[in-house]
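Here is protein.pdb, consisting of PDB, C-alpha atoms:
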ATOM      1  CA  MET Y   8      38.674 -21.646  23.675
ATOM      2  CA  ARG Y   9      35.624 -20.783  21.661
ATOM      3  CA  ILE Y  10      36.431 -18.185  19.024
ATOM      4  CA  ARG Y  11      33.786 -15.493  18.629
ATOM      5  CA  SER Y  12      33.622 -12.343  16.538
ATOM      6  CA  MET Y  13      32.734  -9.299  18.634
ATOM      7  CA  LEU Y  14      31.313  -6.997  16.029
ATOM      8  CA  ALA Y  15      31.602  -3.231  16.265
ATOM      9  CA  ALA Y  16      28.966  -1.101  14.601
ATOM     10  CA  SER Y  17      31.462  -0.039  11.944
ATOM     11  CA  ALA Y  18      32.109  -3.657  10.986
ATOM     12  CA  ALA Y  19      28.672  -4.244   9.548
ATOM     13  CA  ILE Y  20      30.178  -6.199   6.671
ATOM     14  CA  PHE Y  21      30.631  -9.151   9.029
ATOM     15  CA  ALA Y  22      27.201  -8.924  10.652
ATOM     16  CA  CYS Y  23      25.709 -11.874   8.805
ATOM     17  CA  ALA Y  24      28.752 -14.015   8.111
ATOM     18  CA  PHE Y  25      30.264 -13.838  11.597
ATOM     19  CA  SER Y  26      27.371 -13.458  14.022
ATOM     20  CA  PRO Y  27      28.500 -13.869  17.642
ATOM     21  CA  LEU Y  28      25.387 -15.959  18.223
ATOM     22  CA  THR Y  29      26.521 -18.620  15.751
ATOM     23  CA  ALA Y  30      27.992 -21.729  17.359
ATOM     24  CA  HIS Y  31      31.319 -22.830  15.866
ATOM     25  CA  ALA Y  32      33.694 -25.695  16.482
ATOM     26  CA  ASP Y  33      36.587 -25.182  18.870
ATOM     27  CA  THR Y  34      39.926 -25.278  17.013
ATOM     28  CA  ALA Y  35      42.200 -25.344  20.086
ATOM     29  CA  GLY Y  36      42.866 -29.060  19.592
ATOM     30  CA  LYS Y  37      43.243 -28.943  15.810
ATOM     31  CA  LYS Y  38      46.512 -29.660  13.999
ATOM     32  CA  ILE Y  39      47.416 -27.837  10.761
ATOM     33  CA  ALA Y  40      50.374 -28.732   8.499
ATOM     34  CA  LEU Y  41      52.093 -26.797   5.726
ATOM     35  CA  SER Y  42      53.153 -28.840   2.696
ATOM     36  CA  ASN Y  43      55.655 -26.821   0.652
ATOM     37  CA  ASN Y  44      57.298 -28.077  -2.536
ATOM     38  CA  TYR Y  45      60.302 -25.762  -2.822
ATOM     39  CA  ALA Y  46      62.443 -23.479  -0.648
ATOM     40  CA  GLY Y  47      65.292 -22.529  -2.969
ATOM     41  CA  ASN Y  48      64.813 -18.772  -3.212
ATOM     42  CA  SER Y  49      64.307 -15.763  -0.948
ATOM     43  CA  TRP Y  50      60.538 -15.618  -1.583
ATOM     44  CA  ARG Y  51      60.029 -19.162  -0.333
ATOM     45  CA  GLN Y  52      62.310 -18.532   2.652
ATOM     46  CA  ALA Y  53      60.296 -15.408   3.539
ATOM     47  CA  MET Y  54      57.078 -17.392   3.102
ATOM     48  CA  LEU Y  55      58.288 -20.025   5.581
ATOM     49  CA  THR Y  56      59.492 -17.350   8.021
ATOM     50  CA  SER Y  57      56.098 -15.634   7.941
ATOM     51  CA  TRP Y  58      54.346 -18.969   8.504
ATOM     52  CA  ASP Y  59      56.584 -19.745  11.481
ATOM     53  CA  LYS Y  60      56.120 -16.310  13.036
ATOM     54  CA  VAL Y  61      52.338 -16.129  12.762
ATOM     55  CA  THR Y  62      51.530 -19.765  13.539
ATOM     56  CA  LYS Y  63      53.765 -19.857  16.623
ATOM     57  CA  GLU Y  64      51.736 -16.989  18.048
ATOM     58  CA  ALA Y  65      48.498 -18.799  17.186
ATOM     59  CA  VAL Y  66      49.690 -21.961  18.928
ATOM     60  CA  LYS Y  67      50.882 -19.964  21.946
ATOM     61  CA  ALA Y  68      47.474 -18.270  22.149
ATOM     62  CA  GLY Y  69      45.699 -21.644  22.062
ATOM     63  CA  VAL Y  70      43.968 -21.048  18.732
ATOM     64  CA  VAL Y  71      45.301 -24.344  17.321
ATOM     65  CA  ALA Y  72      47.339 -27.194  18.813
ATOM     66  CA  SER Y  73      50.121 -27.180  16.196
ATOM     67  CA  ALA Y  74      51.086 -25.750  12.794
ATOM     68  CA  ASP Y  75      54.038 -27.767  11.488
ATOM     69  CA  ALA Y  76      55.828 -26.914   8.225
ATOM     70  CA  PHE Y  77      57.326 -29.471   5.820
ATOM     71  CA  THR Y  78      59.262 -28.855   2.589
ATOM     72  CA  THR Y  79      60.117 -31.532   0.031
ATOM     73  CA  ALA Y  80      63.746 -31.927  -0.959
ATOM     74  CA  GLU Y  81      63.442 -32.381  -4.721
ATOM     75  CA  ASN Y  82      60.432 -30.287  -5.829
ATOM     76  CA  GLN Y  83      58.809 -33.387  -7.298
ATOM     77  CA  ALA Y  84      55.038 -33.855  -7.324
ATOM     78  CA  THR Y  85      55.461 -37.553  -6.475
ATOM     79  CA  GLU Y  86      57.505 -36.630  -3.400
ATOM     80  CA  GLN Y  87      54.946 -34.061  -2.295
ATOM     81  CA  ALA Y  88      52.095 -36.534  -2.834
ATOM     82  CA  ALA Y  89      53.893 -38.973  -0.510
ATOM     83  CA  GLN Y  90      54.336 -36.150   2.001
ATOM     84  CA  ILE Y  91      50.581 -35.466   1.938
ATOM     85  CA  GLN Y  92      49.860 -39.181   2.441
ATOM     86  CA  ASN Y  93      52.091 -39.092   5.539
ATOM     87  CA  MET Y  94      50.162 -36.075   6.832
ATOM     88  CA  ILE Y  95      46.930 -38.033   6.442
ATOM     89  CA  LEU Y  96      48.397 -40.897   8.494
ATOM     90  CA  GLN Y  97      49.667 -38.448  11.126
ATOM     91  CA  GLY Y  98      46.134 -37.183  11.731
ATOM     92  CA  TYR Y  99      46.347 -33.548  10.708
ATOM     93  CA  ASP Y 100      43.015 -31.744  10.590
ATOM     94  CA  ALA Y 101      44.036 -29.351   7.805
ATOM     95  CA  ILE Y 102      46.787 -29.180   5.203
ATOM     96  CA  VAL Y 103      47.910 -25.840   3.788
ATOM     97  CA  LEU Y 104      49.522 -26.560   0.438
ATOM     98  CA  ASN Y 105      51.945 -24.781  -1.899
ATOM     99  CA  ALA Y 106      51.807 -27.304  -4.698
ATOM    100  CA  ALA Y 107      54.377 -28.513  -7.199
ATOM    101  CA  SER Y 108      51.613 -28.998  -9.775
ATOM    102  CA  PRO Y 109      47.972 -27.929 -10.152
ATOM    103  CA  THR Y 110      46.974 -31.448 -11.254
ATOM    104  CA  ALA Y 111      49.578 -34.045 -10.246
ATOM    105  CA  LEU Y 112      48.663 -33.843  -6.553
ATOM    106  CA  ASN Y 113      44.924 -34.187  -7.068
ATOM    107  CA  GLY Y 114      44.872 -37.853  -6.048
ATOM    108  CA  ALA Y 115      46.640 -37.150  -2.753
ATOM    109  CA  VAL Y 116      44.489 -34.064  -2.133
ATOM    110  CA  LYS Y 117      41.296 -36.057  -2.764
ATOM    111  CA  ALA Y 118      42.511 -38.747  -0.357
ATOM    112  CA  ALA Y 119      43.034 -36.075   2.288
ATOM    113  CA  CYS Y 120      39.555 -34.646   1.709
ATOM    114  CA  ASP Y 121      38.041 -38.137   1.884
ATOM    115  CA  ALA Y 122      39.748 -38.544   5.255
ATOM    116  CA  GLY Y 123      37.957 -35.416   6.486
ATOM    117  CA  ILE Y 124      41.005 -33.127   6.184
ATOM    118  CA  VAL Y 125      40.614 -29.515   5.068
ATOM    119  CA  VAL Y 126      43.021 -28.684   2.209
ATOM    120  CA  VAL Y 127      43.800 -25.029   1.423
ATOM    121  CA  SER Y 128      46.185 -24.389  -1.482
ATOM    122  CA  PHE Y 129      47.913 -21.054  -2.093
ATOM    123  CA  ASP Y 130      50.436 -19.625  -4.552
ATOM    124  CA  GLY Y 131      50.931 -22.996  -6.276
ATOM    125  CA  ILE Y 132      47.278 -23.989  -6.205
ATOM    126  CA  VAL Y 133      45.555 -27.278  -7.086
ATOM    127  CA  ASN Y 134      42.400 -27.748  -9.138
ATOM    128  CA  GLU Y 135      40.955 -30.692  -7.198
ATOM    129  CA  PRO Y 136      37.381 -29.483  -6.460
ATOM    130  CA  CYS Y 137      37.446 -30.474  -2.782
ATOM    131  CA  ALA Y 138      40.333 -28.090  -2.033
ATOM    132  CA  TRP Y 139      40.268 -24.360  -1.398
ATOM    133  CA  ARG Y 140      42.471 -22.004  -3.423
ATOM    134  CA  ILE Y 141      44.069 -18.654  -2.523
ATOM    135  CA  ALA Y 142      45.870 -16.861  -5.331
ATOM    136  CA  VAL Y 143      46.543 -13.558  -6.968
ATOM    137  CA  ASP Y 144      45.535 -13.072 -10.578
ATOM    138  CA  PHE Y 145      48.905 -14.229 -11.895
ATOM    139  CA  LYS Y 146      47.937 -13.627 -15.522
ATOM    140  CA  GLU Y 147      47.122 -10.027 -14.706
ATOM    141  CA  MET Y 148      50.418  -9.736 -12.855
ATOM    142  CA  GLY Y 149      52.185 -10.679 -16.084
ATOM    143  CA  ARG Y 150      50.000  -8.582 -18.370
ATOM    144  CA  SER Y 151      50.383  -5.503 -16.160
ATOM    145  CA  GLN Y 152      54.149  -5.553 -16.699
ATOM    146  CA  VAL Y 153      53.711  -5.027 -20.433
ATOM    147  CA  GLU Y 154      51.058  -2.382 -19.840
ATOM    148  CA  TYR Y 155      53.535  -0.509 -17.627
ATOM    149  CA  LEU Y 156      56.202  -0.803 -20.314
ATOM    150  CA  SER Y 157      53.807   0.566 -22.928
ATOM    151  CA  LYS Y 158      53.748   3.806 -20.935
ATOM    152  CA  ARG Y 159      57.474   3.863 -20.196
ATOM    153  CA  LEU Y 160      58.478   2.867 -23.736
ATOM    154  CA  PRO Y 161      55.599   3.925 -26.021
ATOM    155  CA  LYS Y 162      57.600   3.042 -29.140
ATOM    156  CA  GLY Y 163      58.001  -0.517 -27.860
ATOM    157  CA  GLY Y 164      60.998  -2.725 -28.454
ATOM    158  CA  ASN Y 165      62.446  -6.190 -27.887
ATOM    159  CA  LEU Y 166      61.683  -8.033 -24.660
ATOM    160  CA  LEU Y 167      63.601 -10.754 -22.837
ATOM    161  CA  GLU Y 168      61.324 -12.941 -20.725
ATOM    162  CA  VAL Y 169      62.773 -14.492 -17.567
ATOM    163  CA  ARG Y 170      60.385 -17.212 -16.456
ATOM    164  CA  GLY Y 171      60.130 -18.983 -13.098
ATOM    165  CA  LEU Y 172      60.257 -22.670 -12.217
ATOM    166  CA  ALA Y 173      59.386 -24.855 -15.211
ATOM    167  CA  GLY Y 174      56.207 -26.904 -14.918
ATOM    168  CA  VAL Y 175      54.721 -24.905 -12.035
ATOM    169  CA  PHE Y 176      51.273 -23.329 -12.350
ATOM    170  CA  VAL Y 177      52.484 -19.868 -11.291
ATOM    171  CA  ASP Y 178      55.173 -19.810 -13.985
ATOM    172  CA  ASP Y 179      52.684 -20.799 -16.689
ATOM    173  CA  GLU Y 180      50.098 -18.228 -15.605
ATOM    174  CA  ILE Y 181      52.469 -15.244 -15.349
ATOM    175  CA  SER Y 182      54.040 -16.127 -18.704
ATOM    176  CA  ALA Y 183      50.593 -16.414 -20.307
ATOM    177  CA  GLY Y 184      49.772 -12.957 -18.964
ATOM    178  CA  ILE Y 185      52.980 -11.509 -20.378
ATOM    179  CA  HIS Y 186      52.161 -12.945 -23.793
ATOM    180  CA  GLU Y 187      48.622 -11.542 -23.555
ATOM    181  CA  GLY Y 188      50.200  -8.160 -22.822
ATOM    182  CA  VAL Y 189      52.371  -8.402 -25.939
ATOM    183  CA  LYS Y 190      49.262  -9.136 -28.006
ATOM    184  CA  GLN Y 191      47.590  -6.091 -26.462
ATOM    185  CA  PHE Y 192      50.664  -3.914 -27.056
ATOM    186  CA  PRO Y 193      52.138  -5.279 -30.311
ATOM    187  CA  GLN Y 194      54.918  -2.678 -30.395
ATOM    188  CA  PHE Y 195      56.740  -5.161 -28.137
ATOM    189  CA  LYS Y 196      58.259  -8.449 -29.266
ATOM    190  CA  ILE Y 197      59.599 -11.270 -27.097
ATOM    191  CA  VAL Y 198      62.929 -12.241 -28.667
ATOM    192  CA  GLY Y 199      64.221 -14.573 -25.958
ATOM    193  CA  SER Y 200      62.986 -16.606 -22.990
ATOM    194  CA  VAL Y 201      64.865 -18.378 -20.194
ATOM    195  CA  HIS Y 202      63.944 -19.999 -16.877
ATOM    196  CA  GLY Y 203      65.430 -18.269 -13.837
ATOM    197  CA  ASP Y 204      63.691 -20.456 -11.215
ATOM    198  CA  TRP Y 205      62.731 -17.271  -9.287
ATOM    199  CA  ALA Y 206      66.329 -17.125  -8.046
ATOM    200  CA  GLN Y 207      68.779 -14.335  -8.894
ATOM    201  CA  ASP Y 208      71.839 -16.607  -9.310
ATOM    202  CA  VAL Y 209      70.008 -18.984 -11.657
ATOM    203  CA  ALA Y 210      68.567 -16.032 -13.588
ATOM    204  CA  GLN Y 211      71.987 -14.418 -13.927
ATOM    205  CA  ARG Y 212      73.474 -17.581 -15.461
ATOM    206  CA  ALA Y 213      70.489 -18.100 -17.769
ATOM    207  CA  VAL Y 214      70.448 -14.505 -19.014
ATOM    208  CA  ALA Y 215      74.236 -14.495 -19.475
ATOM    209  CA  GLY Y 216      73.911 -17.627 -21.582
ATOM    210  CA  ILE Y 217      71.339 -16.209 -23.978
ATOM    211  CA  LEU Y 218      72.498 -12.577 -24.254
ATOM    212  CA  PRO Y 219      75.136 -13.149 -26.971
ATOM    213  CA  SER Y 220      72.432 -14.386 -29.344
ATOM    214  CA  LEU Y 221      69.982 -11.536 -28.728
ATOM    215  CA  PRO Y 222      69.513  -8.164 -30.466
ATOM    216  CA  ASP Y 223      69.160  -4.944 -28.470
ATOM    217  CA  ILE Y 224      66.816  -5.444 -25.506
ATOM    218  CA  ALA Y 225      64.471  -2.636 -24.467
ATOM    219  CA  ALA Y 226      63.088  -4.347 -21.375
ATOM    220  CA  VAL Y 227      63.155  -7.538 -19.311
ATOM    221  CA  VAL Y 228      59.877  -8.999 -18.057
ATOM    222  CA  THR Y 229      60.226 -11.241 -15.024
ATOM    223  CA  GLN Y 230      58.438 -13.236 -12.345
ATOM    224  CA  GLY Y 231      60.259 -12.290  -9.139
ATOM    225  CA  GLY Y 232      63.692 -12.962  -7.698
ATOM    226  CA  ASP Y 233      65.306 -12.669 -11.104
ATOM    227  CA  GLY Y 234      65.581  -8.928 -11.788
ATOM    228  CA  TYR Y 235      68.869  -8.377  -9.962
ATOM    229  CA  GLY Y 236      70.421 -11.425 -11.597
ATOM    230  CA  ALA Y 237      69.338 -10.160 -15.013
ATOM    231  CA  ALA Y 238      70.858  -6.740 -14.260
ATOM    232  CA  GLN Y 239      74.167  -8.326 -13.289
ATOM    233  CA  ALA Y 240      74.212 -10.354 -16.505
ATOM    234  CA  PHE Y 241      73.715  -7.237 -18.635
ATOM    235  CA  GLU Y 242      76.440  -5.413 -16.705
ATOM    236  CA  ALA Y 243      78.910  -8.320 -17.089
ATOM    237  CA  ALA Y 244      78.197  -8.451 -20.813
ATOM    238  CA  LYS Y 245      78.783  -4.673 -21.034
ATOM    239  CA  ARG Y 246      75.388  -4.195 -22.643
ATOM    240  CA  PRO Y 247      73.083  -1.224 -21.954
ATOM    241  CA  THR Y 248      70.810  -1.827 -18.966
ATOM    242  CA  PRO Y 249      67.204  -2.164 -20.152
ATOM    243  CA  VAL Y 250      64.087  -1.483 -18.102
ATOM    244  CA  ILE Y 251      63.996  -4.540 -15.837
ATOM    245  CA  ILE Y 252      60.773  -5.407 -14.021
ATOM    246  CA  MET Y 253      61.593  -6.354 -10.430
ATOM    247  CA  GLY Y 254      59.977  -8.872  -8.085
ATOM    248  CA  ASN Y 255      60.035  -7.215  -4.638
ATOM    249  CA  ARG Y 256      63.247  -8.895  -3.407
ATOM    250  CA  GLU Y 257      65.471  -6.754  -1.206
ATOM    251  CA  ASP Y 258      68.512  -7.166  -3.479
ATOM    252  CA  GLU Y 259      66.446  -6.063  -6.475
ATOM    253  CA  LEU Y 260      65.064  -3.037  -4.635
ATOM    254  CA  GLN Y 261      68.517  -2.028  -3.403
ATOM    255  CA  TRP Y 262      69.924  -2.249  -6.937
ATOM    256  CA  TRP Y 263      66.979  -0.219  -8.253
ATOM    257  CA  LYS Y 264      67.499   2.496  -5.616
ATOM    258  CA  LYS Y 265      71.214   2.692  -6.421
ATOM    259  CA  GLN Y 266      70.460   3.163 -10.143
ATOM    260  CA  LYS Y 267      67.661   5.607  -9.383
ATOM    261  CA  ASP Y 268      69.947   7.758  -7.203
ATOM    262  CA  ALA Y 269      72.759   7.661  -9.774
ATOM    263  CA  SER Y 270      70.860   8.205 -13.012
ATOM    264  CA  GLY Y 271      67.120   8.441 -12.411
ATOM    265  CA  TYR Y 272      66.608   4.804 -13.506
ATOM    266  CA  GLU Y 273      62.907   4.000 -13.444
ATOM    267  CA  THR Y 274      61.024   0.720 -13.294
ATOM    268  CA  MET Y 275      58.384  -1.066 -11.203
ATOM    269  CA  SER Y 276      58.272  -4.180  -9.026
ATOM    270  CA  VAL Y 277      55.478  -6.705  -8.529
ATOM    271  CA  SER Y 278      54.944 -10.025  -6.782
ATOM    272  CA  ILE Y 279      52.615 -11.935  -4.489
ATOM    273  CA  ALA Y 280      53.466 -11.248  -0.829
ATOM    274  CA  PRO Y 281      55.186 -14.245   0.808
ATOM    275  CA  GLY Y 282      52.929 -13.756   3.817
ATOM    276  CA  VAL Y 283      50.051 -15.218   1.789
ATOM    277  CA  SER Y 284      51.002 -18.434   3.621
ATOM    278  CA  THR Y 285      49.660 -16.834   6.807
ATOM    279  CA  LEU Y 286      46.386 -15.969   5.091
ATOM    280  CA  ALA Y 287      46.086 -19.621   4.026
ATOM    281  CA  PHE Y 288      46.703 -20.698   7.626
ATOM    282  CA  TRP Y 289      43.936 -18.460   8.956
ATOM    283  CA  VAL Y 290      41.535 -19.526   6.197
ATOM    284  CA  ALA Y 291      42.144 -23.174   7.145
ATOM    285  CA  GLN Y 292      41.545 -22.284  10.804
ATOM    286  CA  GLN Y 293      38.315 -20.500   9.932
ATOM    287  CA  ILE Y 294      37.073 -23.494   7.920
ATOM    288  CA  LEU Y 295      37.885 -25.792  10.855
ATOM    289  CA  ASP Y 296      35.980 -23.329  13.023
ATOM    290  CA  GLY Y 297      32.842 -23.938  10.992
ATOM    291  CA  LYS Y 298      32.862 -20.859   8.767
ATOM    292  CA  GLN Y 299      31.424 -21.090   5.257
ATOM    293  CA  VAL Y 300      34.230 -20.185   2.855
ATOM    294  CA  LYS Y 301      34.101 -19.957  -0.931
ATOM    295  CA  LYS Y 302      36.452 -22.346  -2.696
ATOM    296  CA  ASP Y 303      38.330 -19.607  -4.575
ATOM    297  CA  LEU Y 304      39.733 -16.537  -2.837
ATOM    298  CA  THR Y 305      41.745 -13.826  -4.583
ATOM    299  CA  VAL Y 306      44.207 -11.419  -2.956
ATOM    300  CA  PRO Y 307      45.876  -8.444  -4.660
ATOM    301  CA  PHE Y 308      49.498  -8.637  -5.745
ATOM    302  CA  LEU Y 309      51.973  -6.293  -4.099
ATOM    303  CA  ARG Y 310      53.237  -3.624  -6.493
ATOM    304  CA  ILE Y 311      56.033  -1.125  -5.821
ATOM    305  CA  ASP Y 312      56.396   1.960  -8.006
ATOM    306  CA  GLN Y 313      59.042   4.662  -8.299
ATOM    307  CA  ALA Y 314      57.336   6.802  -5.662
ATOM    308  CA  THR Y 315      57.022   3.984  -3.086
ATOM    309  CA  LEU Y 316      60.457   2.379  -3.509
ATOM    310  CA  GLU Y 317      62.162   3.941  -0.452
ATOM    311  CA  GLU Y 318      59.110   3.375   1.756
ATOM    312  CA  ASN Y 319      59.057  -0.335   0.940
ATOM    313  CA  LEU Y 320      62.817  -0.711   1.321
ATOM    314  CA  LYS Y 321      62.601   0.561   4.899
ATOM    315  CA  THR Y 322      60.337  -2.347   5.883
ATOM    316  CA  THR Y 323      62.051  -5.087   3.842
ATOM    317  CA  GLN Y 324      64.582  -7.213   5.716
ATOM    318  CA  LYS Y 325      68.108  -7.673   4.384
ATOM    319  CA  GLY Y 326      68.004 -10.626   1.989
ATOM    320  CA  GLY Y 327      64.213 -10.747   2.296
ATOM    321  CA  VAL Y 328      61.161  -9.776   0.269
ATOM    322  CA  ALA Y 329      58.662  -6.935   0.570
ATOM    323  CA  ASN Y 330      55.892  -8.581   2.509
ATOM    324  CA  VAL Y 331      52.450  -8.491   4.082
ATOM    325  CA  GLU Y 332      51.490 -10.862   6.898
ATOM    326  CA  TYR Y 333      47.826 -11.569   7.642
ATOM    327  CA  SER Y 334      45.828 -11.772  10.854
ATOM    328  CA  GLN Y 335      42.714 -13.761  11.667
ATOM    329  CA  ALA Y 336      40.692 -10.566  11.144
ATOM    330  CA  ASP Y 337      42.274 -10.102   7.707
ATOM    331  CA  ALA Y 338      41.233 -13.636   6.771
ATOM    332  CA  GLN Y 339      37.696 -12.998   7.964
ATOM    333  CA  LYS Y 340      37.568  -9.875   5.803
ATOM    334  CA  VAL Y 341      38.842 -11.725   2.706
ATOM    335  CA  ILE Y 342      36.290 -14.484   3.315
ATOM    336  CA  ALA Y 343      33.419 -12.024   3.791
ATOM    337  CA  GLU Y 344      34.289 -10.040   0.665
ATOM    338  CA  ALA Y 345      34.733 -13.076  -1.618
ATOM    339  CA  LYS Y 346      32.411 -12.970  -4.597
TER     340      LYS Y 346
END
Whole structure, structure tokens version:
Amino acid sequence: MRIRSMLAASAAIFACAFSPLTAHADTAGKKIALSNNYAGNSWRQAMLTSWDKVTKEAVKAGVVASADAFTTAENQATEQAAQIQNMILQGYDAIVLNAASPTALNGAVKAACDAGIVVVSFDGIVNEPCAWRIAVDFKEMGRSQVEYLSKRLPKGGNLLEVRGLAGVFVDDEISAGIHEGVKQFPQFKIVGSVHGDWAQDVAQRAVAGILPSLPDIAAVVTQGGDGYGAAQAFEAAKRPTPVIIMGNREDELQWWKKQKDASGYETMSVSIAPGVSTLAFWVAQQILDGKQVKKDLTVPFLRIDQATLEENLKTTQKGGVANVEYSQADAQKVIAEAK
């Protein structure tokens, strides 16, 4: 099946980039694989579910031959590098990659590129020049939390930082953004930092462990999947509940709504949508289809505010994450609008 863009007059933005007269390669026989380094929280589970849902439809429609997903057991870069080497041997045409490290996989990624395989990294991106990258501005995601707090708590106060998975690019970038925010709004001071691994149970244990040594906390800055765990730790310690930034998980949003209904509790929630995996799939398909795609693509993060909490809860599955899944047309739009 030859994929063509039938352009309506209102879609002039695609007129040059996706001309129906341009000949492109047929992707019906192409095989795409997902290499994922970690599946131990609800965000990663939602990411894999979105991948499965969207790619199954693409395979059924004959857009690609297969779109298999693989997750490493130990979240080790060496293990993921070996996984990528196996994908090369298995003859995949493209590898969509959520990487354990931005640098440690570069050798395996370069080997894949040298074998003629398209590599598209997302969320946990790689900096090997031959690969494509899809990410939100994670630093801005971190900085924006402190900017929000500067409006909620203009006098400032002490912050507890709950970080993500140690050694992962996303964790480093969001944390750097949070620290930039504190420099911008010096009325805040980070007085404690723990790793919650983007998982509420890990975050709860980590926060409970550090709370006895901390002064009064005005707010908790987070990375996603850790807000509810932090709230439970404060409650167990019988300490006042601070403003806790949430990360779009259903359990966090439910807790927030319960507090909002009971006492007017106010916060915000922000994360990258797990469905970014489906955008990466379609970008890989478009590259295989002969489209010219810039190496770095940026998508907005998904933010939930007080006024949109109930609306987002209605569309978030039990135990899931507020999400956006992408279509082929969405990918074409992101590609066309890339600067």
In terms of all atoms listed in the file, the residue from Y:Gly282, Y:Lys301, Y:Val169, Y:Glu317 at minimal distance from Pro136 (chain Y) is Y:Lys301
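Note that CA of Ala226 (chain Y) and CA of Leu166 (chain Y) are 5.1 Å apart.
You will find CA of Gln324 (chain Y) at 13.5 Å from CA of Ala280 (chain Y).
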Could you tell me how far CA of Gly164 (chain Y) sits from CA of Lys196 (chain Y), in Å to one decimal place? 6.4 Å
Explicit residue set for the PyMOL selection byres ((chain Y and resi 92-101) around 7), as JSON, numbers by chain: {"Y": [37, 38, 39, 40, 88, 89, 90, 91, 102, 103, 115, 119, 124, 125, 126, 291]}
Selection: 6 Å around region 248-254 of chain Y, only C-alpha atoms, excl. self and same-chain fewer than 4 positions, as a ChimeraX atom specification: /Y:225-229,231-232,234,275-278
Skip Leu286 (chain Y) itself and residues of its chain fewer than 4 positions away, then list as a PyMOL selection string all residues within 10 Å of it, counting only C-alpha atoms. chain Y and resi 58+61+129+141+281-282+290-292+306+331-339+341
Could you list, as an NGL selection string, every residue within 6 Å of Ala240 (chain Y), counting all atoms listed in the file and ignoring same-chain residues fewer than 3 positions away? :Y and (211 or 215 or 237 or 243)
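If you count all atoms listed in the file and ignore residues fewer than 4 places along the chain from Asp233 (chain Y), what sits within 7 Å of it is Gly203, Trp205, Ala206, Gln207, Ala210, Thr229 and Ala237 of chain Y.
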The PyMOL selection byres ((chain Y and resi 75) around 8) applied to the shown file, residues as a PyMOL selection string: chain Y and resi 39-41+73-74+76-77
From the list Y:Arg150, Y:Arg256, Y:Lys325, Y:Arg170, which residue is nearest His202 (chain Y) when using all atoms listed in the file? Y:Arg170
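Residue selection for this entry, given the PyMOL selection byres ((chain Y and resi 188) around 10), comprises Lys146, Glu147, Gly149, Arg150, Ser151, Gln152, Val153, Glu154, Tyr155, Leu156, Ser157, Ser182, Ala183, Gly184, Ile185, His186, Glu187, Val189, Lys190, Gln191, Phe192, Pro193 and Phe195 of chain Y.
Proximity of Y:Ala35, Y:Val143, Y:Val209, Y:Ala287 to Val66 (chain Y), computed with all atoms listed in the file, is greatest for Y:Ala35.
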Listed atoms of region 146-151 of chain Y boxed axis-aligned with 4 Å per side, centre + edges as AutoDock Vina command-line options:
--center_x 49.7 --center_y -9.6 --center_z -15.6 --size_x 13.1 --size_y 16.1 --size_z 13.5
Of the candidates Y:Ala46, Y:Ala138, Y:Ile217, Y:Ala53, which shows the shortest atom-to-atom distance to Ile294 (chain Y), using all atoms listed in the file? Y:Ala138
Using only C-alpha atoms, the best pick from Y:Leu320, Y:Leu172, Y:Leu160, Y:Val198 as closest to Gln230 (chain Y) would be Y:Leu172
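Take the candidates Y:Lys346, Y:Lys298, Y:Arg140, Y:Lys265 and check each one against Val283 (chain Y) using only C-alpha atoms; the shortest distance goes to Y:Arg140.
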